[in-house]
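S.K.: Coordinates in upload_33.tsv, TSV, C-alpha atoms and all ligand atoms, are listed below.
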```
chain	number	residue	atom	x	y	z
W	1	MET	CA	37.19	58.07	-16.65
W	2	LYS	CA	35.79	59.40	-19.89
W	3	LEU	CA	37.35	58.81	-23.28
W	4	GLY	CA	38.20	62.23	-24.69
W	5	LYS	CA	37.00	63.63	-28.00
W	6	TYR	CA	40.40	62.72	-29.40
W	7	SER	CA	42.17	59.51	-28.46
W	8	ILE	CA	45.13	57.52	-29.74
W	9	GLY	CA	45.80	53.79	-29.60
W	10	ILE	CA	49.43	53.36	-28.59
W	11	GLY	CA	50.41	49.74	-28.40
W	12	ASP	CA	53.71	48.96	-26.78
W	13	ARG	CA	54.90	45.46	-27.74
W	14	PHE	CA	57.56	45.16	-25.03
W	15	GLY	CA	56.05	47.48	-22.44
W	16	LEU	CA	59.08	49.77	-22.20
W	17	GLN	CA	57.83	52.97	-23.85
W	18	GLY	CA	54.86	54.01	-21.72
W	19	ILE	CA	56.34	57.20	-20.28
W	20	TYR	CA	57.70	58.23	-23.69
W	21	GLN	CA	54.35	57.64	-25.34
W	22	LEU	CA	52.82	59.77	-22.61
W	23	ARG	CA	55.39	62.44	-23.34
W	24	ALA	CA	53.73	62.85	-26.75
W	25	VAL	CA	50.22	63.34	-25.34
W	26	GLN	CA	51.63	65.58	-22.60
W	27	GLN	CA	53.18	67.75	-25.28
W	28	ALA	CA	49.79	67.99	-27.00
W	29	ALA	CA	48.10	68.78	-23.69
W	30	GLY	CA	50.68	71.49	-23.08
W	31	GLY	CA	49.49	73.08	-26.32
W	32	GLY	CA	45.87	72.84	-25.23
W	33	VAL	CA	44.82	69.69	-27.11
W	34	GLU	CA	43.77	66.75	-24.95
W	35	VAL	CA	44.34	63.32	-26.50
W	36	SER	CA	43.47	60.25	-24.40
W	37	PRO	CA	46.11	57.49	-24.63
W	38	VAL	CA	44.79	53.94	-25.04
W	39	TRP	CA	47.23	51.04	-24.74
W	40	ASN	CA	45.88	48.38	-27.02
W	41	LYS	CA	47.12	44.82	-27.35
W	42	SER	CA	45.40	41.88	-28.96
W	43	GLN	CA	45.47	38.25	-27.90
W	44	ARG	CA	47.55	37.62	-31.04
W	45	GLU	CA	50.24	40.01	-29.79
W	46	HIS	CA	50.16	38.67	-26.24
W	47	ALA	CA	50.61	35.13	-27.57
W	48	ILE	CA	53.54	36.09	-29.82
W	49	ILE	CA	55.36	38.10	-27.16
W	50	GLY	CA	54.47	35.93	-24.19
W	51	THR	CA	52.70	38.62	-22.17
W	52	THR	CA	49.29	38.77	-20.49
W	53	PRO	CA	46.64	41.50	-20.36
W	54	GLU	CA	47.69	42.15	-16.74
W	55	ASP	CA	51.17	43.15	-17.99
W	56	THR	CA	49.64	45.86	-20.17
W	57	ARG	CA	47.54	47.17	-17.27
W	58	ARG	CA	50.58	47.25	-14.98
W	59	GLU	CA	52.68	49.08	-17.57
W	60	ALA	CA	49.96	51.66	-18.23
W	61	ASP	CA	49.35	52.36	-14.54
W	62	GLU	CA	53.07	52.66	-13.80
W	63	ALA	CA	53.74	54.91	-16.79
W	64	VAL	CA	50.83	57.17	-15.85
W	65	ARG	CA	52.12	57.40	-12.29
W	66	ASP	CA	55.76	57.97	-13.25
W	67	ALA	CA	54.96	60.53	-15.94
W	68	GLY	CA	52.42	62.37	-13.80
W	69	TRP	CA	49.71	62.07	-16.48
W	70	ARG	CA	46.44	63.40	-15.06
W	71	GLY	CA	44.16	62.86	-18.03
W	72	ALA	CA	42.05	59.84	-18.88
W	73	TYR	CA	43.78	56.69	-20.14
W	74	PHE	CA	42.63	53.20	-21.06
W	75	VAL	CA	43.79	49.64	-21.67
W	76	ASP	CA	42.17	48.16	-24.77
W	77	ALA	CA	41.42	44.46	-25.24
W	78	ASP	CA	42.05	44.69	-28.96
W	79	HIS	CA	40.12	42.54	-31.43
W	80	ILE	CA	38.55	40.26	-28.86
W	81	GLY	CA	35.67	37.91	-29.45
W	82	ALA	CA	33.69	35.35	-27.47
W	83	GLY	CA	36.68	32.99	-27.37
W	84	THR	CA	39.26	35.49	-26.06
W	85	VAL	CA	37.34	38.02	-23.98
W	86	GLU	CA	37.54	36.22	-20.63
W	87	ARG	CA	41.22	36.77	-19.96
W	88	PHE	CA	40.87	40.53	-20.56
W	89	LEU	CA	37.93	41.15	-18.24
W	90	SER	CA	39.82	42.10	-15.11
W	91	SER	CA	42.50	44.29	-16.67
W	92	SER	CA	40.91	46.16	-19.59
W	93	ASP	CA	38.50	49.07	-19.62
W	94	PHE	CA	38.21	49.39	-23.38
W	95	PHE	CA	37.05	46.43	-25.46
W	96	THR	CA	37.37	46.25	-29.24
W	97	ILE	CA	34.76	43.66	-30.17
W	98	ASP	CA	35.77	42.18	-33.52
W	99	VAL	CA	32.90	40.52	-35.34
W	100	ALA	CA	34.34	40.50	-38.86
W	101	GLU	CA	34.14	36.70	-39.10
W	102	PHE	CA	30.37	36.84	-38.54
W	103	ILE	CA	29.76	39.14	-41.49
W	104	ASP	CA	27.94	37.56	-44.45
W	105	SER	CA	26.38	34.76	-42.46
W	106	PRO	CA	22.66	35.45	-42.10
W	107	ALA	CA	20.88	36.17	-38.83
W	108	PRO	CA	17.72	34.13	-38.04
W	109	PRO	CA	14.95	35.12	-40.52
W	110	ALA	CA	12.65	36.45	-37.79
W	111	ALA	CA	15.40	38.74	-36.49
W	112	MET	CA	16.10	39.99	-40.00
W	113	ASP	CA	12.42	40.74	-40.59
W	114	ALA	CA	12.12	42.57	-37.28
W	115	PHE	CA	15.24	44.62	-38.02
W	116	VAL	CA	14.07	45.61	-41.49
W	117	ARG	CA	10.62	46.56	-40.11
W	118	ALA	CA	12.16	48.68	-37.34
W	119	MET	CA	14.53	50.47	-39.73
W	120	THR	CA	12.23	51.00	-42.71
W	121	PRO	CA	10.95	54.38	-41.45
W	122	TYR	CA	14.55	55.65	-41.62
W	123	ALA	CA	15.27	54.41	-45.14
W	124	GLY	CA	15.87	56.99	-47.84
W	125	GLU	CA	18.37	59.71	-48.57
W	126	ILE	CA	20.13	61.09	-45.52
W	127	ARG	CA	20.76	64.80	-45.77
W	128	VAL	CA	23.23	65.74	-43.09
W	129	PRO	CA	23.98	69.37	-42.29
W	130	GLY	CA	27.53	70.19	-43.35
W	131	LEU	CA	27.70	67.41	-45.95
W	132	ASP	CA	27.66	68.40	-49.62
W	133	ALA	CA	26.07	65.25	-51.02
W	134	PRO	CA	23.21	63.23	-49.49
W	135	VAL	CA	24.03	59.72	-48.23
W	136	SER	CA	22.12	56.89	-49.84
W	137	ALA	CA	20.46	54.71	-47.20
W	138	ASP	CA	17.48	53.39	-49.13
W	139	ALA	CA	15.56	50.13	-48.75
W	140	GLY	CA	18.18	48.29	-50.83
W	141	VAL	CA	20.98	49.39	-48.52
W	142	LEU	CA	18.85	48.38	-45.53
W	143	ARG	CA	18.25	44.88	-46.92
W	144	ARG	CA	21.96	44.48	-47.65
W	145	VAL	CA	22.86	45.47	-44.10
W	146	ALA	CA	20.28	43.03	-42.73
W	147	ALA	CA	21.73	40.20	-44.81
W	148	ARG	CA	25.42	40.99	-44.35
W	149	TYR	CA	25.83	42.61	-40.93
W	150	LEU	CA	22.93	41.84	-38.61
W	151	ASN	CA	24.35	38.50	-37.52
W	152	ALA	CA	27.72	40.15	-36.74
W	153	VAL	CA	26.07	42.91	-34.72
W	154	GLN	CA	24.04	40.34	-32.77
W	155	GLU	CA	27.28	38.53	-31.96
W	156	ALA	CA	28.74	41.86	-30.77
W	157	GLY	CA	25.68	42.16	-28.53
W	158	ARG	CA	26.41	38.75	-26.97
W	159	VAL	CA	30.08	39.60	-26.38
W	160	TYR	CA	29.10	42.98	-24.94
W	161	ALA	CA	26.69	41.30	-22.51
W	162	ARG	CA	29.48	38.98	-21.38
W	163	ILE	CA	31.82	41.92	-20.70
W	164	ARG	CA	29.14	43.82	-18.81
W	165	ALA	CA	28.40	40.79	-16.65
W	166	GLY	CA	32.10	40.18	-15.98
W	167	ARG	CA	33.04	43.74	-15.10
W	168	GLY	CA	31.74	45.81	-12.24
W	169	ARG	CA	33.00	49.08	-13.64
W	170	GLU	CA	32.31	51.09	-16.75
W	171	PHE	CA	34.22	50.50	-19.96
W	172	VAL	CA	34.40	51.74	-23.52
W	173	ALA	CA	32.86	49.42	-26.11
W	174	GLU	CA	34.12	49.49	-29.68
W	175	VAL	CA	32.75	47.38	-32.51
W	176	SER	CA	35.31	46.74	-35.25
W	177	LEU	CA	34.53	45.76	-38.81
W	178	ASP	CA	37.90	46.86	-40.19
W	179	GLU	CA	39.11	43.34	-40.91
W	180	SER	CA	36.11	42.55	-43.10
W	181	ALA	CA	36.55	41.79	-46.78
W	182	THR	CA	34.79	44.84	-48.23
W	183	PRO	CA	34.42	48.45	-47.07
W	184	GLN	CA	31.12	49.72	-45.67
W	185	SER	CA	29.41	52.68	-47.32
W	186	ALA	CA	28.20	55.57	-45.16
W	187	GLY	CA	24.62	54.40	-45.71
W	188	GLU	CA	25.52	50.89	-44.54
W	189	LEU	CA	27.25	52.39	-41.51
W	190	PHE	CA	24.00	54.21	-40.66
W	191	PHE	CA	21.98	51.00	-40.50
W	192	ILE	CA	24.79	49.10	-38.78
W	193	LEU	CA	24.62	51.74	-36.04
W	194	GLY	CA	20.84	51.24	-35.99
W	195	ALA	CA	21.41	47.52	-35.43
W	196	ILE	CA	23.96	48.23	-32.66
W	197	ALA	CA	21.45	50.50	-30.93
W	198	GLY	CA	18.91	47.67	-31.29
W	199	GLU	CA	21.33	45.35	-29.45
W	200	ARG	CA	21.55	47.96	-26.65
W	201	ILE	CA	25.31	48.30	-26.89
W	202	PRO	CA	26.27	51.73	-25.48
W	203	LEU	CA	28.79	52.16	-28.25
W	204	GLY	CA	31.86	54.38	-27.71
W	205	THR	CA	33.66	53.92	-31.01
W	206	ILE	CA	33.08	52.12	-34.31
W	207	ALA	CA	35.82	50.99	-36.69
W	208	PRO	CA	34.57	50.55	-40.24
W	209	LYS	CA	36.65	49.31	-43.13
W	210	PHE	CA	37.50	52.18	-45.45
W	211	THR	CA	38.21	52.05	-49.17
W	212	GLY	CA	41.86	51.89	-50.19
W	213	ALA	CA	44.57	49.94	-48.40
W	214	PHE	CA	45.56	50.56	-44.80
W	215	LEU	CA	48.86	48.72	-44.46
W	216	LYS	CA	51.07	48.44	-41.40
W	217	GLY	CA	53.72	51.11	-41.10
W	218	VAL	CA	53.29	52.73	-44.51
W	219	ASP	CA	51.24	55.54	-46.00
W	220	TYR	CA	47.71	55.11	-47.33
W	221	VAL	CA	47.50	53.33	-50.69
W	222	GLY	CA	44.56	54.60	-52.72
W	223	ASP	CA	42.73	57.70	-53.85
W	224	THR	CA	43.17	60.20	-51.02
W	225	GLU	CA	40.37	62.50	-52.21
W	226	ALA	CA	37.93	59.58	-52.40
W	227	PHE	CA	38.99	58.61	-48.88
W	228	ALA	CA	38.46	62.19	-47.68
W	229	ARG	CA	34.88	62.22	-49.00
W	230	GLU	CA	34.15	58.83	-47.47
W	231	PHE	CA	35.69	59.80	-44.14
W	232	GLU	CA	33.69	63.00	-43.93
W	233	ALA	CA	30.45	61.21	-44.83
W	234	ASP	CA	31.19	58.59	-42.16
W	235	LEU	CA	31.86	61.25	-39.51
W	236	ALA	CA	28.60	62.99	-40.34
W	237	VAL	CA	26.61	59.76	-40.44
W	238	VAL	CA	27.96	58.62	-37.07
W	239	GLU	CA	26.72	61.83	-35.48
W	240	PHE	CA	23.40	61.67	-37.34
W	241	ALA	CA	22.85	58.02	-36.35
W	242	ARG	CA	23.81	58.80	-32.77
W	243	GLY	CA	20.98	61.33	-32.56
W	244	THR	CA	18.53	59.19	-34.53
W	245	PHE	CA	19.03	55.97	-32.59
W	246	GLY	CA	19.86	57.41	-29.16
W	247	LEU	CA	23.44	56.11	-29.01
W	248	PRO	CA	25.76	57.63	-26.35
W	249	ALA	CA	27.12	61.16	-26.53
W	250	GLY	CA	30.74	61.13	-27.65
W	251	LEU	CA	30.30	58.22	-30.07
W	252	LYS	CA	33.03	58.50	-32.69
W	253	LEU	CA	34.87	56.76	-35.49
W	254	SER	CA	37.92	54.61	-34.85
W	255	VAL	CA	40.60	54.22	-37.52
W	256	HIS	CA	42.65	51.04	-37.28
W	257	THR	CA	46.11	50.51	-38.75
W	258	GLY	CA	46.20	54.28	-38.44
W	259	SER	CA	49.92	54.95	-38.09
W	260	ASP	CA	51.96	56.46	-40.91
W	261	LYS	CA	48.96	57.65	-42.96
W	262	PHE	CA	50.72	60.95	-43.50
W	263	SER	CA	48.89	61.84	-46.72
W	264	LEU	CA	45.53	61.46	-44.95
W	265	TYR	CA	46.05	63.34	-41.68
W	266	PRO	CA	45.67	66.87	-43.10
W	267	LEU	CA	42.48	65.80	-44.89
W	268	MET	CA	41.15	64.10	-41.77
W	269	HIS	CA	42.05	67.13	-39.66
W	270	ARG	CA	40.10	69.37	-42.04
W	271	SER	CA	36.98	67.18	-41.73
W	272	LEU	CA	37.27	66.82	-37.95
W	273	THR	CA	37.51	70.59	-37.61
W	274	ARG	CA	34.73	71.29	-40.07
W	275	LEU	CA	32.28	68.91	-38.38
W	276	GLY	CA	33.55	69.32	-34.83
W	277	ALA	CA	33.88	65.54	-34.66
W	278	GLY	CA	36.04	63.35	-32.43
W	279	LEU	CA	38.25	60.43	-33.50
W	280	HIS	CA	40.14	57.43	-32.18
W	281	LEU	CA	43.30	56.53	-34.11
W	282	LYS	CA	45.06	53.21	-33.50
W	283	THR	CA	48.80	53.35	-34.15
W	284	ALA	CA	49.94	50.34	-32.17
W	285	GLY	CA	52.90	48.93	-34.07
W	286	THR	CA	54.69	52.16	-34.87
W	287	THR	CA	56.39	52.27	-31.46
W	288	TRP	CA	58.09	48.90	-32.00
W	289	VAL	CA	59.49	50.03	-35.37
W	290	GLU	CA	60.87	53.16	-33.66
W	291	GLU	CA	62.65	50.88	-31.20
W	292	VAL	CA	64.42	49.08	-34.04
W	293	VAL	CA	65.24	52.32	-35.92
W	294	SER	CA	66.65	53.80	-32.72
W	295	LEU	CA	68.79	50.74	-31.98
W	296	ALA	CA	70.19	50.82	-35.52
W	297	ALA	CA	71.36	54.37	-34.82
W	298	ALA	CA	72.58	53.67	-31.29
W	299	GLY	CA	76.03	52.26	-31.92
W	300	GLU	CA	77.62	48.99	-32.90
W	301	GLU	CA	75.72	46.64	-30.61
W	302	GLY	CA	72.36	48.19	-31.47
W	303	LEU	CA	73.12	48.07	-35.17
W	304	ARG	CA	74.06	44.39	-34.87
W	305	ALA	CA	70.74	43.68	-33.13
W	306	ALA	CA	68.77	45.54	-35.79
W	307	ASN	CA	70.60	43.52	-38.46
W	308	GLU	CA	69.87	40.29	-36.66
W	309	ILE	CA	66.16	41.15	-36.41
W	310	TYR	CA	66.08	41.85	-40.13
W	311	ALA	CA	68.04	38.75	-41.14
W	312	ARG	CA	65.89	36.40	-39.07
W	313	SER	CA	62.69	38.12	-40.24
W	314	PHE	CA	63.85	37.71	-43.84
W	315	ASP	CA	64.36	33.97	-43.30
W	316	ARG	CA	60.94	33.55	-41.66
W	317	LEU	CA	58.95	35.97	-43.79
W	318	ASP	CA	56.00	33.66	-44.49
W	319	GLU	CA	55.54	32.69	-40.87
W	320	LEU	CA	55.76	36.29	-39.61
W	321	CYS	CA	53.42	37.64	-42.26
W	322	SER	CA	50.74	34.98	-42.00
W	323	PRO	CA	48.76	36.55	-39.08
W	324	TYR	CA	48.86	39.91	-40.89
W	325	ARG	CA	48.01	38.92	-44.45
W	326	GLN	CA	45.22	41.51	-44.79
W	327	VAL	CA	47.29	44.45	-43.59
W	328	ILE	CA	50.69	44.08	-45.24
W	329	ALA	CA	51.82	43.89	-48.87
W	330	ILE	CA	55.53	43.12	-49.13
W	331	ASP	CA	57.27	43.03	-52.50
W	332	ARG	CA	59.93	40.39	-51.87
W	333	GLY	CA	61.90	41.57	-54.87
W	334	ASN	CA	62.46	44.88	-53.14
W	335	LEU	CA	63.90	43.37	-49.97
W	336	PRO	CA	67.70	43.69	-49.78
W	337	LEU	CA	69.67	40.57	-48.87
W	338	PRO	CA	70.52	40.50	-45.15
W	339	ALA	CA	74.17	39.86	-46.01
W	340	ASP	CA	74.20	43.13	-47.95
W	341	VAL	CA	72.37	45.05	-45.23
W	342	ALA	CA	74.96	43.82	-42.72
W	343	GLY	CA	77.55	45.81	-44.66
W	344	TRP	CA	75.53	49.03	-44.72
W	345	PRO	CA	76.53	51.98	-42.59
W	346	ALA	CA	74.03	52.70	-39.81
W	347	GLU	CA	72.65	55.80	-41.56
W	348	ARG	CA	71.63	53.76	-44.57
W	349	LEU	CA	69.64	51.24	-42.53
W	350	VAL	CA	68.07	54.04	-40.51
W	351	ARG	CA	67.06	55.83	-43.71
W	352	ALA	CA	65.60	52.63	-45.18
W	353	LEU	CA	63.62	51.87	-42.03
W	354	ARG	CA	62.43	55.29	-41.03
W	355	HIS	CA	59.20	56.69	-42.43
W	356	GLU	CA	59.65	60.42	-42.65
W	357	PRO	CA	56.99	62.35	-44.59
W	358	GLY	CA	58.43	63.41	-47.93
W	359	ALA	CA	61.90	61.92	-47.34
W	360	ASN	CA	63.80	59.73	-49.81
W	361	GLY	CA	65.58	56.45	-49.20
W	362	ALA	CA	62.87	54.65	-47.22
W	363	ASN	CA	62.20	51.03	-48.15
W	364	THR	CA	58.55	50.38	-47.34
W	365	ASP	CA	58.92	46.63	-47.92
W	366	LEU	CA	61.77	46.32	-45.45
W	367	ARG	CA	59.79	48.48	-43.03
W	368	GLN	CA	56.69	46.32	-43.27
W	369	LEU	CA	58.76	43.20	-42.66
W	370	ILE	CA	60.27	44.74	-39.53
W	371	HIS	CA	56.76	45.76	-38.49
W	372	VAL	CA	55.68	42.12	-38.27
W	373	GLY	CA	59.11	40.96	-37.08
W	374	TYR	CA	58.58	41.66	-33.38
W	375	ARG	CA	58.34	37.93	-32.77
W	376	ILE	CA	62.10	37.77	-33.42
W	377	ALA	CA	62.78	40.39	-30.74
W	378	ALA	CA	60.50	38.49	-28.37
W	379	GLU	CA	62.64	35.39	-28.99
W	380	MET	CA	65.82	37.39	-28.33
W	381	GLY	CA	64.32	38.09	-24.91
W	382	PRO	CA	66.45	40.10	-22.46
W	383	ARG	CA	69.14	40.53	-25.10
W	384	PHE	CA	66.68	42.83	-26.93
W	385	THR	CA	64.94	44.45	-23.98
W	386	SER	CA	68.15	45.22	-22.11
W	387	LEU	CA	69.54	46.92	-25.22
W	388	VAL	CA	66.42	49.08	-25.41
W	389	GLN	CA	66.71	49.84	-21.70
W	390	ARG	CA	70.38	50.78	-21.98
W	391	ASN	CA	69.46	53.21	-24.75
W	392	ALA	CA	66.23	54.26	-23.08
W	393	GLU	CA	66.44	58.01	-23.62
W	394	ALA	CA	67.55	57.79	-27.28
W	395	VAL	CA	64.83	55.25	-28.08
W	396	GLY	CA	62.19	57.05	-26.04
W	397	SER	CA	62.89	60.40	-27.69
W	398	ASN	CA	62.23	58.84	-31.08
W	399	VAL	CA	59.08	57.14	-29.82
W	400	ALA	CA	57.72	60.43	-28.44
W	401	ASP	CA	58.75	62.44	-31.50
W	402	ASN	CA	57.23	59.90	-33.89
W	403	LEU	CA	53.90	59.95	-32.08
W	404	TYR	CA	53.70	63.67	-31.54
W	405	ARG	CA	55.25	65.24	-34.61
W	406	LYS	CA	54.15	62.72	-37.25
W	407	HIS	CA	50.77	61.66	-35.88
W	408	ILE	CA	49.18	63.79	-33.16
W	409	MET	CA	50.27	67.14	-34.58
W	410	PRO	CA	49.03	66.82	-38.18
W	411	LEU	CA	45.88	64.90	-37.24
W	412	PHE	CA	44.61	66.50	-34.04
W	413	ILE	CA	46.36	69.86	-33.88
W	414	GLY	CA	46.94	70.72	-37.54
W	415	SER	CA	50.24	72.13	-38.68
W	501	ZN	ZN	41.95	46.48	-36.39
```
Mind turning this structure into structure tokens?
M.R.:
Amino acid sequence: MKLGKYSIGIGDRFGLQGIYQLRAVQQAAGGGVEVSPVWNKSQREHAIIGTTPEDTRREADEAVRDAGWRGAYFVDADHIGAGTVERFLSSSDFFTIDVAEFIDSPAPPAAMDAFVRAMTPYAGEIRVPGLDAPVSADAGVLRRVAARYLNAVQEAGRVYARIRAGRGREFVAEVSLDESATPQSAGELFFILGAIAGERIPLGTIAPKFTGAFLKGVDYVGDTEAFAREFEADLAVVEFARGTFGLPAGLKLSVHTGSDKFSLYPLMHRSLTRLGAGLHLKTAGTTWVEEVVSLAAAGEEGLRAANEIYARSFDRLDELCSPYRQVIAIDRGNLPLPADVAGWPAERLVRALRHEPGANGANTDLRQLIHVGYRIAAEMGPRFTSLVQRNAEAVGSNVADNLYRKHIMPLFIGS
């Protein structure tokens, strides 16, 4: 199976939305745009929910069979490293190798020297067809990449070798740097790709860290035009580096924490179209939030459950937020008291929770808290999952609509 030019990461915390998520990509396929679905789940999520990588594989296979999906699909071992990769080997065919923690620790001096020597002929200004401004990838950028990233890329090479040895079949390899402390410039990305080629990783996707804030469940925070320039330069550099260093055909960018970036999708769509580039967009958590929004609108029992999830999340805010510190920014002062929310009519909670482009009444702080509050639903166990199952069609319609209308359409199809 080959990852398509366009692909979307669609996590499913509780494994109940597979066929509805597929409904969204089927709708796109019906309109002539193929988007490969990729179910991604990290060890962190598995641990919180109490699932295993085999559960994700089973759900994906069953959903594909039940929905009659005939396109490619994948199961992504999300943000794995040397310590977590083993348990994903038999069930995943997409591996997001996260080496952010190895950034900024130096590689052995001999390796650094060899890397700089090998890359020096490529140093200078990169002029890429279709890009207005040249990309700076001079000797200074090269030295910085050697010092900051070479060690991380070498670690990715070791993890990749472990996956290849442990798996008989082909898989997609992604290297993710999105959880690093600082963004990578397009010039840095060029030499990072040179280092990845040097490690002989047949890279499928690369996830850099972009400027601005990519927070869970809310729109992009930052200068959208600056992002658009950076994104386009990155797209062009990925293709240029692919040709220069002999990386695999189809290599593309991956955007993490990619849901809800409504102000960026039209700009990204413009660049993808202009350069004919592909993209992978991870939107994992958005499906879980749709489950809560849908329950809040589904009658008294659902509304009570949504209230309970909020109240318990409010009480345990620090604990729930701690694994996600880099990707959420909650203003506690803007969180309503659970006792007040309990008195709200359903429409008000739905409006506060739902992220609808251009709509009023949303509370992005409350939404972010719910985003990380899935641990509470996991603790509720069958009380939560049976509610979702009893409202399957109402919940699933929202899940499909959210993915298709708010994400796939503006990003991959253009509206
Ligand atoms: Zn990520």
S.K.: Using only C-alpha atoms and all ligand atoms, which residue out of W:Val221, W:Ile97, W:Met409, W:Ala47 lies closest to ligand ZN 501 (chain W)?
M.R.: W:Ile97
S.K.: Mind dumping a table of every chain W residue within 9 Å of ligand ZN 501 (chain W), with the nearest atom pair and its distance in Å to one decimal, using all atoms listed in the file, sorted by chain and rising number, as JSON lines?
M.R.:
```
{"residue": "W:Asp78", "atom": "CA", "partner": "W:ZN501", "partner_atom": "ZN", "distance": 7.6}
{"residue": "W:His79", "atom": "CA", "partner": "W:ZN501", "partner_atom": "ZN", "distance": 6.6}
{"residue": "W:Thr96", "atom": "CA", "partner": "W:ZN501", "partner_atom": "ZN", "distance": 8.5}
{"residue": "W:Asp98", "atom": "CA", "partner": "W:ZN501", "partner_atom": "ZN", "distance": 8.1}
{"residue": "W:Ser176", "atom": "CA", "partner": "W:ZN501", "partner_atom": "ZN", "distance": 6.7}
{"residue": "W:Leu177", "atom": "CA", "partner": "W:ZN501", "partner_atom": "ZN", "distance": 7.8}
{"residue": "W:Asp178", "atom": "CA", "partner": "W:ZN501", "partner_atom": "ZN", "distance": 5.6}
{"residue": "W:Glu179", "atom": "CA", "partner": "W:ZN501", "partner_atom": "ZN", "distance": 6.2}
{"residue": "W:Ala207", "atom": "CA", "partner": "W:ZN501", "partner_atom": "ZN", "distance": 7.6}
{"residue": "W:Val255", "atom": "CA", "partner": "W:ZN501", "partner_atom": "ZN", "distance": 7.9}
{"residue": "W:His256", "atom": "CA", "partner": "W:ZN501", "partner_atom": "ZN", "distance": 4.7}
{"residue": "W:Thr257", "atom": "CA", "partner": "W:ZN501", "partner_atom": "ZN", "distance": 6.3}
{"residue": "W:Lys282", "atom": "CA", "partner": "W:ZN501", "partner_atom": "ZN", "distance": 8.0}
```
S.K.: Name all residues at most 6 Å from stretch 359-371 of chain W (count only C-alpha atoms; drop same-chain ones fewer than 3 positions away) and give them as a ChimeraX atom specification.
M.R.: /W:289,330,335,351-353,356
S.K.: Using all atoms of stretch 269-279 of chain W that appear in the file, construct an axis-aligned enclosing box with 5 Å of padding on every side and provide its centre coordinates and edge lengths in Å, rounded to one decimal, as JSON.
M.R.:
```
{"center_x": 37.2, "center_y": 65.9, "center_z": -37.2, "size_x": 19.8, "size_y": 20.9, "size_z": 19.6}
```
S.K.: Would you work out the distance separating atom CA of W:Pro338 from atom CA of W:Arg375, expressed in Å to one decimal?
M.R.: 17.6 Å
S.K.: Interatomic distance between atom CA of W:Lys216 and atom CA of W:Pro53?
M.R.: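 Computed distance, atom CA of W:Lys216 to atom CA of W:Pro53, equals 22.6 Å.
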S.K.: Out of W:Val85, W:Leu272, W:Leu3, W:Ile10, which residue has the shortest atom-to-atom distance to W:Gly204 when counting only C-alpha atoms?
M.R.: W:Leu3
S.K.: May I ask which of the residues W:Gly140, W:Gly166, W:Ala236, W:Ala28 is the closest one to W:Pro410, counting all atoms listed in the file?
M.R.: W:Ala28
S.K.: Counting all atoms listed in the file, what are the residues of stretch 30-117 of chain W within 12 Å of stretch 309-328 of chain W, and for each of them which pair of atoms is the nearest and at what distance in Å, to one decimal? Sort the table by chain and rising number, as a Markdown table.
M.R.:
```
| residue | atom | partner | partner_atom | distance |
| --- | --- | --- | --- | --- |
| W:Ser42 | CA | W:Pro323 | CA | 11.9 |
| W:Gln43 | CA | W:Pro323 | CA | 11.8 |
| W:Arg44 | CA | W:Pro323 | CA | 8.2 |
| W:Glu45 | CA | W:Pro323 | CA | 10.0 |
| W:Ala47 | CA | W:Pro323 | CA | 11.7 |
| W:Ile48 | CA | W:Leu320 | CA | 10.0 |
```
S.K.: Can you tell me how far atom CA of W:Thr211 sits from atom CA of W:Gly83, in Å to one decimal?
M.R.: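 These atoms are spaced 29.0 Å apart.
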S.K.: Considering all atoms listed in the file, can you say which of W:Ser91, W:Thr283, W:Thr84, W:Ser7 comes closest to W:Gly71?
M.R.: W:Ser7
S.K.: Residues near W:Ile19, anyone? I mean within 7 Å using all atoms listed in the file, not counting same-chain ones fewer than 2 positions away, as a CSV table (one decimal) with C-alpha atoms, keeping the file's coordinate frame.
M.R.:
```
chain,number,residue,atom,x,y,z
W,17,GLN,CA,57.8,53.0,-23.8
W,21,GLN,CA,54.4,57.6,-25.3
W,22,LEU,CA,52.8,59.8,-22.6
W,23,ARG,CA,55.4,62.4,-23.3
W,63,ALA,CA,53.7,54.9,-16.8
W,67,ALA,CA,55.0,60.5,-15.9
```
S.K.: Can you find the residues with an atom no farther than 10 Å from (38.0, 49.9, -49.4), counting only C-alpha atoms, and report them as a list in words?
M.R.: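 These residues have at least one counted atom within 10 Å: Asp178, Ser180, Ala181, Thr182, Pro183, Gln184, Ser185, Pro208, Lys209, Phe210, Thr211, Gly212, Ala213, Phe214, Gly222, Phe227 and Glu230 of chain W.
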S.K.: Ranking W:Val116, W:Ile163, W:Ala195, W:Leu253 by minimum distance to W:Leu142 and counting only C-alpha atoms, which one comes first?
M.R.: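 Of W:Val116, W:Ile163, W:Ala195, W:Leu253, the one nearest W:Leu142 is W:Val116, counting only C-alpha atoms.
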S.K.: Taking only C-alpha atoms into account, which of W:Phe412, W:Phe190, W:Trp39, W:Phe14 comes nearest W:Phe94?
M.R.: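 Closest to W:Phe94 of all the choices is W:Trp39.
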S.K.: Name the residues in contact with W:Ile196 at a cut-off of 8 Å, using only C-alpha atoms, excluding same-chain residues fewer than 5 positions from it; report them as a tab-separated table (two decimals) with C-alpha atoms, keeping the file's coordinate frame.
M.R.:
```tsv
chain	number	residue	atom	x	y	z
W	153	VAL	CA	26.07	42.91	-34.72
W	154	GLN	CA	24.04	40.34	-32.77
W	157	GLY	CA	25.68	42.16	-28.53
W	201	ILE	CA	25.31	48.30	-26.89
W	203	LEU	CA	28.79	52.16	-28.25
```
S.K.: Give me the residues near W:Ile8 as JSON, numbers by chain, where near means some atom within 7 Å (using only C-alpha atoms) and where sequence neighbours in that chain fewer than 5 positions away do not count.
M.R.: {"W": [35, 36, 37, 38, 280, 281, 282]}
